[in-house]
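This is structure28.txt. It holds compact mmCIF, C-alpha atoms and all ligand atoms.
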```
# COMPACT_ATOMS: atom_id res chain seq x y z
CA MET A 6 44.96 172.34 116.44
CA GLN A 7 48.18 173.48 114.76
CA VAL A 8 48.60 171.11 111.87
CA SER A 9 51.81 169.76 110.54
CA THR A 10 51.48 166.45 108.74
CA VAL A 11 49.10 163.52 108.74
CA LEU A 12 49.94 159.99 107.70
CA VAL A 13 47.04 158.34 105.86
CA LEU A 14 46.62 154.60 105.35
CA ASN A 15 44.02 153.47 102.81
CA SER A 16 43.83 149.69 102.85
CA GLY A 17 41.80 148.13 100.05
CA SER A 18 41.17 144.42 99.67
CA SER A 19 44.48 143.83 97.88
CA SER A 20 46.20 147.17 98.11
CA LEU A 21 47.56 149.72 100.54
CA LYS A 22 47.63 153.35 99.45
CA TYR A 23 49.33 155.88 101.69
CA GLN A 24 50.23 159.53 101.84
CA LEU A 25 52.21 161.73 104.18
CA LEU A 26 50.70 165.17 103.66
CA ASN A 27 49.88 168.54 105.09
CA PRO A 28 46.07 168.67 105.04
CA SER A 29 45.95 172.47 105.29
CA SER A 30 48.14 173.25 102.30
CA GLY A 31 47.58 169.96 100.50
CA GLU A 32 51.37 169.56 100.19
CA VAL A 33 52.27 165.89 99.71
CA LEU A 34 55.60 164.81 101.24
CA ALA A 35 55.31 161.19 100.14
CA VAL A 36 52.73 159.09 98.37
CA GLY A 37 52.72 155.40 97.60
CA LEU A 38 50.89 152.29 96.61
CA VAL A 39 51.40 148.66 97.56
CA GLU A 40 49.48 146.37 95.23
CA ARG A 41 48.81 142.68 94.72
CA ILE A 42 48.94 141.96 98.45
CA GLY A 43 48.45 138.25 99.09
CA LEU A 44 49.38 137.26 95.53
CA GLU A 45 52.62 135.66 94.36
CA SER A 46 54.22 138.91 93.27
CA GLY A 47 53.56 142.19 95.02
CA ARG A 48 54.71 145.65 94.06
CA ILE A 49 55.41 148.91 95.90
CA VAL A 50 55.81 152.33 94.36
CA HIS A 51 56.95 155.08 96.74
CA GLU A 52 57.10 158.66 95.42
CA VAL A 53 58.88 161.55 97.08
CA GLY A 54 58.70 164.64 94.90
CA GLU A 55 59.90 163.59 91.46
CA THR A 56 61.74 160.53 92.79
CA GLU A 57 60.01 157.20 92.41
CA THR A 58 61.25 154.03 94.12
CA GLU A 59 59.80 150.74 92.98
CA ARG A 60 60.14 147.32 94.65
CA GLU A 61 58.77 143.92 93.73
CA ALA A 62 58.36 141.23 96.37
CA PRO A 63 55.72 138.79 97.56
CA ILE A 64 53.64 140.59 100.20
CA LYS A 65 51.75 138.18 102.41
CA ASP A 66 49.34 140.58 104.11
CA HIS A 67 48.72 144.20 105.05
CA GLY A 68 51.02 143.94 108.10
CA VAL A 69 53.95 142.99 105.88
CA ALA A 70 52.93 145.72 103.44
CA LEU A 71 53.01 148.36 106.15
CA HIS A 72 56.44 147.29 107.36
CA LEU A 73 57.81 147.42 103.80
CA VAL A 74 56.42 150.92 103.48
CA LEU A 75 58.05 151.98 106.76
CA ASP A 76 61.37 150.51 105.56
CA LEU A 77 61.10 152.64 102.41
CA PHE A 78 60.47 155.75 104.49
CA LYS A 79 63.66 154.91 106.45
CA GLU A 80 65.74 154.24 103.33
CA VAL A 81 64.63 156.97 100.94
CA GLY A 82 62.76 159.29 103.29
CA PRO A 83 61.22 161.49 104.27
CA SER A 84 61.92 160.69 107.92
CA LEU A 85 58.68 159.89 109.69
CA ASP A 86 60.30 160.82 113.02
CA GLU A 87 61.00 164.32 111.78
CA ALA A 88 57.81 164.83 109.75
CA GLY A 89 55.85 166.28 112.68
CA ILE A 90 53.04 163.75 112.33
CA VAL A 91 50.06 164.91 114.39
CA ALA A 92 47.64 162.13 113.48
CA VAL A 93 47.27 158.93 111.50
CA GLY A 94 44.10 158.71 109.41
CA HIS A 95 42.81 155.24 108.58
CA ARG A 96 40.31 154.29 105.92
CA VAL A 97 37.85 151.82 107.44
CA VAL A 98 35.44 150.28 104.98
CA HIS A 99 32.52 149.19 107.18
CA GLY A 100 31.24 151.31 110.05
CA GLY A 101 27.84 149.60 110.29
CA THR A 102 25.22 151.70 112.08
CA LEU A 103 27.71 152.35 114.89
CA TYR A 104 30.04 154.82 113.19
CA SER A 105 28.84 157.55 110.85
CA GLN A 106 31.42 160.19 111.82
CA PRO A 107 35.22 160.35 111.83
CA THR A 108 36.11 158.54 115.05
CA VAL A 109 39.19 158.76 117.25
CA ILE A 110 40.39 155.21 117.68
CA ASP A 111 40.69 153.61 121.12
CA ASP A 112 40.51 149.96 122.15
CA ASP A 113 36.71 150.00 122.08
CA VAL A 114 36.66 151.35 118.53
CA VAL A 115 39.11 148.64 117.49
CA GLU A 116 36.70 146.05 118.91
CA GLY A 117 33.77 147.77 117.17
CA ILE A 118 35.54 147.54 113.81
CA ARG A 119 36.41 143.92 114.55
CA ALA A 120 32.77 143.14 115.31
CA LEU A 121 31.87 144.39 111.81
CA ILE A 122 34.21 141.92 110.05
CA PRO A 123 31.32 139.63 109.02
CA LEU A 124 29.87 142.55 107.04
CA ALA A 125 33.14 143.36 105.23
CA PRO A 126 35.31 140.25 105.30
CA LEU A 127 37.60 141.43 102.48
CA HIS A 128 38.19 144.86 103.92
CA ASN A 129 37.81 145.38 107.69
CA PRO A 130 40.54 142.84 108.60
CA ALA A 131 43.01 144.70 106.37
CA ASN A 132 41.95 148.02 107.90
CA LEU A 133 42.45 146.58 111.40
CA THR A 134 45.89 145.24 110.58
CA GLY A 135 46.95 148.73 109.55
CA ILE A 136 45.39 150.29 112.64
CA GLU A 137 47.01 147.85 115.05
CA ALA A 138 50.46 148.07 113.49
CA ALA A 139 50.34 151.86 113.24
CA ARG A 140 49.09 152.33 116.81
CA GLU A 141 52.16 150.49 118.04
CA LEU A 142 54.48 152.61 115.95
CA PHE A 143 53.00 156.11 116.18
CA ASP A 144 52.11 157.57 119.53
CA VAL A 145 49.65 160.13 118.13
CA PRO A 146 45.86 160.13 117.78
CA HIS A 147 44.58 157.65 115.19
CA VAL A 148 41.31 158.46 113.44
CA ALA A 149 39.00 156.10 111.54
CA ILE A 150 37.22 157.47 108.47
CA PHE A 151 34.46 155.15 107.34
CA ASP A 152 33.49 154.39 103.73
CA THR A 153 29.91 154.02 104.93
CA ALA A 154 29.67 157.43 106.64
CA PHE A 155 28.61 159.53 103.64
CA PHE A 156 25.72 157.14 103.04
CA SER A 157 24.30 157.35 106.56
CA THR A 158 21.89 159.96 105.12
CA LEU A 159 20.23 157.54 102.69
CA PRO A 160 16.44 157.62 102.97
CA ALA A 161 14.83 154.46 104.36
CA ALA A 162 13.27 153.72 100.97
CA ALA A 163 16.79 153.46 99.53
CA TYR A 164 18.48 151.55 102.36
CA THR A 165 15.73 149.05 103.16
CA TYR A 166 15.75 145.58 101.62
CA ALA A 167 12.27 144.12 101.15
CA ILE A 168 12.75 141.17 103.49
CA ASP A 169 11.16 140.24 106.83
CA ALA A 170 11.61 143.40 108.90
CA ASP A 171 12.40 141.57 112.16
CA VAL A 172 15.08 139.43 110.54
CA ALA A 173 16.60 142.52 108.93
CA ALA A 174 16.61 144.45 112.21
CA GLU A 175 18.05 141.59 114.24
CA HIS A 176 20.91 141.02 111.83
CA GLN A 177 21.57 144.62 110.71
CA VAL A 178 20.58 143.79 107.14
CA ARG A 179 20.31 147.06 105.20
CA ARG A 180 22.14 149.02 102.52
CA TYR A 181 25.20 150.74 103.96
CA GLY A 182 27.07 151.85 100.81
CA PHE A 183 30.85 152.14 100.39
CA HIS A 184 33.53 154.35 98.75
CA GLY A 185 31.66 157.15 100.57
CA THR A 186 34.80 159.21 101.18
CA SER A 187 35.38 159.24 97.43
CA HIS A 188 31.75 159.97 96.47
CA GLN A 189 31.67 162.81 99.02
CA TYR A 190 35.00 164.29 97.91
CA VAL A 191 34.14 164.08 94.21
CA SER A 192 30.59 165.43 94.48
CA ALA A 193 31.84 168.33 96.63
CA LYS A 194 34.58 169.06 94.08
CA VAL A 195 31.98 169.14 91.28
CA ALA A 196 29.88 171.62 93.26
CA GLU A 197 33.00 173.73 93.88
CA VAL A 198 34.11 173.70 90.23
CA LEU A 199 30.63 174.59 88.98
CA GLY A 200 29.99 177.04 91.81
CA ARG A 201 26.61 175.48 92.58
CA ASP A 202 25.34 173.57 95.63
CA ASP A 203 21.92 172.60 94.29
CA LEU A 204 23.05 169.91 91.85
CA LYS A 205 21.52 166.54 91.05
CA GLN A 206 24.63 164.43 90.64
CA VAL A 207 25.44 160.87 89.67
CA VAL A 208 28.98 159.79 90.54
CA LEU A 209 30.58 156.64 89.12
CA HIS A 210 33.56 155.47 91.21
CA LEU A 211 35.09 152.88 88.91
CA GLY A 212 38.17 151.27 90.44
CA ASN A 213 38.80 147.64 91.17
CA GLY A 214 35.75 147.88 93.39
CA ALA A 215 33.12 150.05 91.68
CA SER A 216 30.04 151.91 92.84
CA ALA A 217 27.52 154.52 91.73
CA SER A 218 25.88 157.17 93.87
CA ALA A 219 23.02 159.63 93.52
CA VAL A 220 23.72 162.90 95.34
CA ASP A 221 21.11 165.65 95.67
CA SER A 222 22.43 169.06 96.79
CA GLY A 223 25.40 167.40 98.51
CA VAL A 224 23.33 164.71 100.26
CA ALA A 225 23.61 161.06 99.24
CA VAL A 226 20.18 159.65 98.34
CA ASP A 227 21.12 156.29 96.82
CA THR A 228 24.12 154.10 96.13
CA SER A 229 24.78 150.79 94.44
CA MET A 230 26.78 148.89 97.06
CA GLY A 231 24.70 147.31 99.78
CA LEU A 232 25.09 145.33 103.00
CA THR A 233 28.58 144.57 101.72
CA PRO A 234 30.69 145.94 98.84
CA LEU A 235 29.46 143.13 96.57
CA GLU A 236 26.22 144.62 95.23
CA GLY A 237 25.77 146.89 92.23
CA LEU A 238 28.14 147.45 89.34
CA VAL A 239 30.31 144.85 87.64
CA MET A 240 33.77 145.04 89.28
CA GLY A 241 37.25 143.64 88.77
CA THR A 242 36.50 140.40 90.59
CA ARG A 243 33.03 140.97 92.08
CA SER A 244 29.75 140.17 90.35
CA GLY A 245 27.69 143.12 91.51
CA ASP A 246 23.91 142.63 91.22
CA LEU A 247 22.47 139.19 90.75
CA ASP A 248 19.33 137.26 91.50
CA PRO A 249 19.79 136.07 95.12
CA ALA A 250 18.35 132.72 94.04
CA ILE A 251 21.61 132.11 92.16
CA VAL A 252 23.15 131.47 95.57
CA PHE A 253 20.60 128.76 96.43
CA HIS A 254 20.84 127.34 92.94
CA LEU A 255 24.62 126.99 93.17
CA GLY A 256 24.27 125.46 96.61
CA ARG A 257 21.76 122.91 95.39
CA VAL A 258 22.96 122.01 91.92
CA ALA A 259 26.69 122.76 92.04
CA GLY A 260 27.28 121.40 95.57
CA MET A 261 29.00 124.61 96.62
CA ASN A 262 28.89 125.69 100.25
CA VAL A 263 28.39 129.26 101.47
CA ASP A 264 32.13 129.97 101.63
CA ASP A 265 32.66 128.61 98.09
CA ILE A 266 29.92 130.87 96.77
CA ASP A 267 31.20 133.88 98.73
CA ASN A 268 34.65 133.30 97.23
CA LEU A 269 33.19 132.84 93.73
CA LEU A 270 31.15 136.05 93.82
CA ASN A 271 33.75 138.26 95.52
CA LYS A 272 36.99 136.99 94.04
CA LYS A 273 36.34 135.05 90.85
CA SER A 274 33.51 136.97 89.22
CA GLY A 275 33.17 140.37 87.58
CA LEU A 276 35.56 141.05 84.70
CA LEU A 277 37.89 138.30 85.92
CA GLY A 278 35.14 135.71 85.89
CA LEU A 279 33.79 136.79 82.52
CA ALA A 280 37.05 137.20 80.62
CA GLY A 281 39.98 136.17 82.81
CA ARG A 282 41.21 139.70 83.53
CA SER A 283 40.30 141.98 86.42
CA ASP A 284 42.38 144.92 85.18
CA MET A 285 40.56 147.19 82.74
CA ARG A 286 43.74 147.88 80.76
CA ASP A 287 44.31 144.17 80.09
CA LEU A 288 40.65 143.65 79.32
CA ARG A 289 40.50 146.52 76.85
CA ASN A 290 43.63 145.23 75.08
CA ALA A 291 42.07 141.79 74.78
CA ALA A 292 38.82 143.27 73.47
CA ASP A 293 40.72 145.42 70.96
CA ALA A 294 42.46 142.24 69.80
CA GLY A 295 39.00 140.82 69.11
CA GLU A 296 38.75 138.29 71.94
CA PRO A 297 35.00 137.52 72.17
CA ALA A 298 34.89 136.97 75.95
CA ALA A 299 36.60 140.31 76.56
CA VAL A 300 34.20 142.12 74.21
CA ALA A 301 31.25 140.46 75.94
CA ALA A 302 32.61 141.36 79.41
CA LEU A 303 32.84 145.02 78.41
CA ASP A 304 29.27 144.85 77.11
CA VAL A 305 28.05 143.56 80.48
CA TYR A 306 30.12 146.16 82.37
CA ARG A 307 28.79 149.02 80.21
CA HIS A 308 25.18 147.80 80.29
CA ARG A 309 25.21 147.87 84.11
CA LEU A 310 26.63 151.41 84.16
CA ILE A 311 24.02 152.70 81.75
CA LYS A 312 21.25 151.06 83.78
CA TYR A 313 22.43 152.64 87.05
CA VAL A 314 22.86 156.14 85.68
CA GLY A 315 19.36 155.98 84.17
CA ALA A 316 17.91 154.66 87.43
CA TYR A 317 19.61 157.36 89.48
CA ALA A 318 18.46 160.10 87.13
CA ALA A 319 14.96 158.78 87.86
CA VAL A 320 15.59 158.66 91.63
CA LEU A 321 16.88 162.24 91.55
CA GLY A 322 14.10 163.47 89.28
CA GLY A 323 16.71 164.68 86.77
CA ILE A 324 20.44 164.91 86.38
CA ASP A 325 22.72 167.94 86.22
CA VAL A 326 26.11 166.23 86.25
CA LEU A 327 27.49 162.74 85.64
CA THR A 328 31.02 162.35 87.02
CA PHE A 329 33.59 159.63 86.47
CA THR A 330 36.31 158.89 89.04
CA ALA A 331 38.84 156.27 90.30
CA GLY A 332 41.26 154.16 88.22
CA VAL A 333 38.91 153.22 85.38
CA GLY A 334 36.72 156.32 85.56
CA GLU A 335 39.70 158.67 85.42
CA ASN A 336 41.61 156.80 82.72
CA SER A 337 39.36 154.78 80.46
CA PHE A 338 38.24 157.15 77.68
CA PRO A 339 36.06 154.66 75.78
CA ILE A 340 33.88 153.79 78.77
CA ARG A 341 33.06 157.46 79.35
CA GLN A 342 32.24 158.04 75.70
CA GLU A 343 30.12 154.90 75.39
CA VAL A 344 28.10 155.55 78.55
CA ALA A 345 27.42 159.17 77.61
CA ASP A 346 26.49 158.20 74.04
CA ALA A 347 24.00 155.62 75.29
CA LEU A 348 22.46 158.22 77.60
CA GLY A 349 22.17 160.92 74.96
CA PHE A 350 18.40 160.83 75.47
CA LEU A 351 18.99 162.36 78.93
CA GLY A 352 20.92 165.18 77.28
CA LEU A 353 24.37 163.83 78.20
CA ALA A 354 27.16 164.34 75.69
CA VAL A 355 30.94 163.91 75.60
CA ASP A 356 33.33 165.78 73.31
CA PRO A 357 35.81 163.17 71.99
CA ALA A 358 38.74 165.61 71.95
CA LYS A 359 38.14 166.75 75.53
CA ASN A 360 37.58 163.16 76.62
CA ALA A 361 41.00 162.18 75.26
CA VAL A 362 42.90 164.75 77.35
CA ARG A 363 44.87 163.23 80.24
CA SER A 364 44.92 165.39 83.32
CA LYS A 365 44.95 165.23 87.10
CA GLU A 366 42.60 168.23 87.22
CA PRO A 367 38.80 168.10 87.55
CA ARG A 368 37.33 168.87 84.13
CA ILE A 369 34.16 169.05 82.03
CA ILE A 370 34.25 166.74 79.01
CA SER A 371 30.92 167.82 77.49
CA PRO A 372 31.17 169.95 74.35
CA ASP A 373 31.71 173.70 74.85
CA GLY A 374 28.40 175.53 75.07
CA HIS A 375 26.52 172.28 75.78
CA GLU A 376 23.14 173.11 77.29
CA GLY A 377 22.14 169.79 78.88
CA PRO A 378 23.58 167.99 81.87
CA LEU A 379 27.37 167.94 82.07
CA VAL A 380 29.77 165.02 82.04
CA MET A 381 32.88 165.49 84.19
CA VAL A 382 36.04 163.67 85.22
CA VAL A 383 37.18 164.37 88.77
CA PRO A 384 40.23 162.52 90.10
CA THR A 385 39.40 161.22 93.54
CA ASN A 386 41.69 161.81 96.50
CA GLU A 387 40.49 159.67 99.37
CA GLU A 388 43.78 160.25 101.21
CA LEU A 389 43.42 164.05 101.24
CA ALA A 390 39.81 163.74 102.38
CA ILE A 391 40.82 161.30 105.13
CA ALA A 392 43.63 163.60 106.30
CA ARG A 393 41.31 166.62 106.46
CA GLN A 394 38.55 164.75 108.26
CA SER A 395 41.07 163.29 110.72
CA VAL A 396 42.30 166.73 111.68
CA GLU A 397 38.73 168.07 111.96
CA ALA A 398 37.87 165.21 114.30
CA LEU A 399 40.70 166.29 116.59
CA ALA A 400 39.94 170.02 116.52
N1 LIG A 501 45.15 153.90 82.03
C1 LIG A 501 44.14 153.13 82.41
N2 LIG A 501 43.17 152.77 81.55
C2 LIG A 501 42.16 151.99 81.93
N3 LIG A 501 42.01 151.51 83.17
C3 LIG A 501 42.93 151.84 84.09
C4 LIG A 501 44.05 152.67 83.77
N4 LIG A 501 44.80 152.83 84.88
C5 LIG A 501 44.18 152.12 85.86
N5 LIG A 501 43.06 151.53 85.39
C6 LIG A 501 42.13 150.64 86.12
O1 LIG A 501 41.93 151.11 87.42
C7 LIG A 501 41.80 149.97 88.30
C8 LIG A 501 42.29 150.33 89.66
O2 LIG A 501 41.62 151.46 90.09
P1 LIG A 501 41.78 151.98 91.59
O3 LIG A 501 40.87 153.14 91.74
O4 LIG A 501 43.22 152.18 91.89
O5 LIG A 501 41.19 150.72 92.33
P2 LIG A 501 41.14 150.22 93.85
O6 LIG A 501 41.32 151.44 94.73
O7 LIG A 501 39.78 149.65 93.96
O8 LIG A 501 42.23 149.21 93.99
C9 LIG A 501 42.67 148.90 87.69
O9 LIG A 501 42.13 147.64 87.93
C10 LIG A 501 42.62 149.23 86.21
O10 LIG A 501 41.68 148.40 85.59
C1 LIG A 502 34.66 149.13 99.35
C2 LIG A 502 35.52 148.67 98.24
O1 LIG A 502 35.08 147.96 97.35
O2 LIG A 502 36.78 149.10 98.26
P1 LIG A 502 37.93 148.75 97.19
O3 LIG A 502 37.43 149.28 95.88
O4 LIG A 502 39.13 149.53 97.70
O5 LIG A 502 38.12 147.28 97.23
MG MG A 503 39.83 152.22 95.98
```

Go ahead and express the file in the form of structure tokens.
Ligand SMILES: Nc1ncnc2c1ncn2[C@@H]1O[C@H](COP(=O)(O)OP(=O)(O)O)[C@@H](O)[C@H]1O
Ligand SMILES: CC(=O)OP(=O)(O)O
Ligand SMILES: [Mg+2]
Amino acid sequence: MQVSTVLVLNSGSSSLKYQLLNPSSGEVLAVGLVERIGLESGRIVHEVGETETEREAPIKDHGVALHLVLDLFKEVGPSLDEAGIVAVGHRVVHGGTLYSQPTVIDDDVVEGIRALIPLAPLHNPANLTGIEAARELFDVPHVAIFDTAFFSTLPAAAYTYAIDADVAAEHQVRRYGFHGTSHQYVSAKVAEVLGRDDLKQVVLHLGNGASASAVDSGVAVDTSMGLTPLEGLVMGTRSGDLDPAIVFHLGRVAGMNVDDIDNLLNKKSGLLGLAGRSDMRDLRNAADAGEPAAVAALDVYRHRLIKYVGAYAAVLGGIDVLTFTAGVGENSFPIRQEVADALGFLGLAVDPAKNAVRSKEPRIISPDGHEGPLVMVVPTNEELAIARQSVEALA
């Protein structure tokens, strides 16, 4: 189809990222972020070219967020009526086993996404709010791009949990994996930059939610998030891996019910639980000021990263490239240096001067002439990937 612009909505658990862009040329007409949804003070930043408009207001939910965004488009532009929008692309976090391809949204798909809410209670409701509001406002095709899709290729050995097989089958208990759009975009960008398809890659998507993936020649072979986006790395507010018996233990000795424990592990754990801050910038400042809990939280965070990269190098039978992406991965120099230093035995190395360069471009941060596996930083762009896949789904 002849493409003009696509509106992309990327709802996270507490944020809404959006872009109005031309997926063919990559030209961005507007880009924005609504953060701290559901908290006392919310914030919107809307960028059109060089002009940035910022608003602060309490934002109750993703529906309110979307309407604030639409108001900003009306006030400061660009006009959505005149943008020639041909499709709206929606990030949907959980596609279960039902959806592993970009999917044009109709009422049945809406119900399918709703049915998956128990598997992604922090995310799918926000995604649905955006879909329902946008379907009322924009009379164009709406396309769902699933975080789980890239991981539908995982081998059974990687996606199977060692529990009673009948129980698992009846209740769809398996590893699904998330942030797939980002892992796919970033690993493809690495292959493009290096001009090689046959790479053994480990990608660390370190945002508020965080996940690792092992990608062999463009195909995902393992990932750290599981049935839900709770498993794996230490995150802003999520625990990542733990002994499942901790859940029973807390139920028995702390008198917590299932919802209390769910809330504890998803919203009050991770860096927030360990040191009172979910934001890596705040945490690093506290650690630099010598606060013991912040230093310890960073130790736990780093230890988990090192463990996963080592494990995935083993799963892949080697490693050609380790890539950092998302808010922390793209911006936190010390984490990249520390992880690479700890994994020097695998041949990984980071050049401190290269690591300190700020850039929006994909780049190698290993020393020049380095012969071992490379370390890279590749800014993710889930919105561009969603826009492109949306248009492809309509072709
Ligand atoms: N300059 C920076 N240095 C260190 N960490 C940063 C920086 N900028 C952003 N971050 C981290 O990135 C996180 C958000 O990443 P992002 O990928 O936007 O997350 P999400 O999409 O999961 O909301 C923040 O919590 C913050 O800790
Ligand atoms: C799946 C997931 O954790 O997403 P986010 O990082 O946007 O919360
Ligand atoms: Mg994200």

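Selection of all polymer residues within 6 Å of ligand LIG 501 (chain A) on the basis of all atoms listed in the file gives Gly212, Asn213, Gly214, Asp284, Met285, Arg286, Ala331, Gly332, Val333, Asn336 and Ser337 of chain A.
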
Expected selection as a PyMOL selection string for ligand MG 503 (chain A) within 9 Å, all atoms listed in the file: chain A and resi 15-18+20+22+184+187+210-215+331-332+387

Residue among A:Asp112, A:Glu388, A:Asp152, A:Glu343 lying closest to His188 (chain A), counting only C-alpha atoms: A:Asp152

Counting only C-alpha atoms, the option among A:Ala196, A:Val362, A:Leu232, A:Val69 closest to Leu121 (chain A): A:Leu232

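Distance-wise, CA of Leu38 (chain A) and CA of Leu310 (chain A) end up 27.3 Å apart.
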
Close residues, region 202-209 of chain A itself excluded, 6 Å, all atoms listed in the file, min 5 positions apart in chain, as a ChimeraX atom specification: /A:196,217-222,324-329

Quick one: write out the picked residues with C-alpha atoms as a tab-separated table (two decimals), keeping the file's coordinate frame?
```tsv
chain	number	residue	atom	x	y	z
A	196	ALA	CA	29.88	171.62	93.26
A	217	ALA	CA	27.52	154.52	91.73
A	218	SER	CA	25.88	157.17	93.87
A	219	ALA	CA	23.02	159.63	93.52
A	220	VAL	CA	23.72	162.90	95.34
A	221	ASP	CA	21.11	165.65	95.67
A	222	SER	CA	22.43	169.06	96.79
A	324	ILE	CA	20.44	164.91	86.38
A	325	ASP	CA	22.72	167.94	86.22
A	326	VAL	CA	26.11	166.23	86.25
A	327	LEU	CA	27.49	162.74	85.64
A	328	THR	CA	31.02	162.35	87.02
A	329	PHE	CA	33.59	159.63	86.47
```

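The shortest atom-to-atom distance to ligand LIG 502 (chain A), with only C-alpha atoms and all ligand atoms taken into account, belongs to A:Gly100 out of A:Gly100, A:Gly260, A:Pro367, A:Gly89.
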
CA of Glu141 (chain A) to CA of Asp86 (chain A), straight-line distance in Å: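 If I compute the distance from CA of Asp86 (chain A) to CA of Glu141 (chain A), I get 14.1 Å.
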
Computed interatomic separation between CA of Asn129 (chain A) and CA of Ser19 (chain A) (Å): 12.0 Å

Box for region 311-317 of chain A: with edges along x, y and z, all listed atoms inside and 3 Å added on each side, what are the centre and edge lengths in Å to one decimal, as AutoDock Vina command-line options?
```
--center_x 21.0 --center_y 154.2 --center_z 85.6 --size_x 12.1 --size_y 12.3 --size_z 13.7
```

Counting only C-alpha atoms, the residue of A:Asn268, A:Thr228, A:Ser9, A:Thr242 that sits nearest Val314 (chain A):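 Among the listed residues, the smallest separation from Val314 (chain A) belongs to A:Thr228.
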
Using only C-alpha atoms: which of A:Arg201, A:Arg179, A:His72, A:His51 has the shortest distance to Gly135 (chain A): A:His72
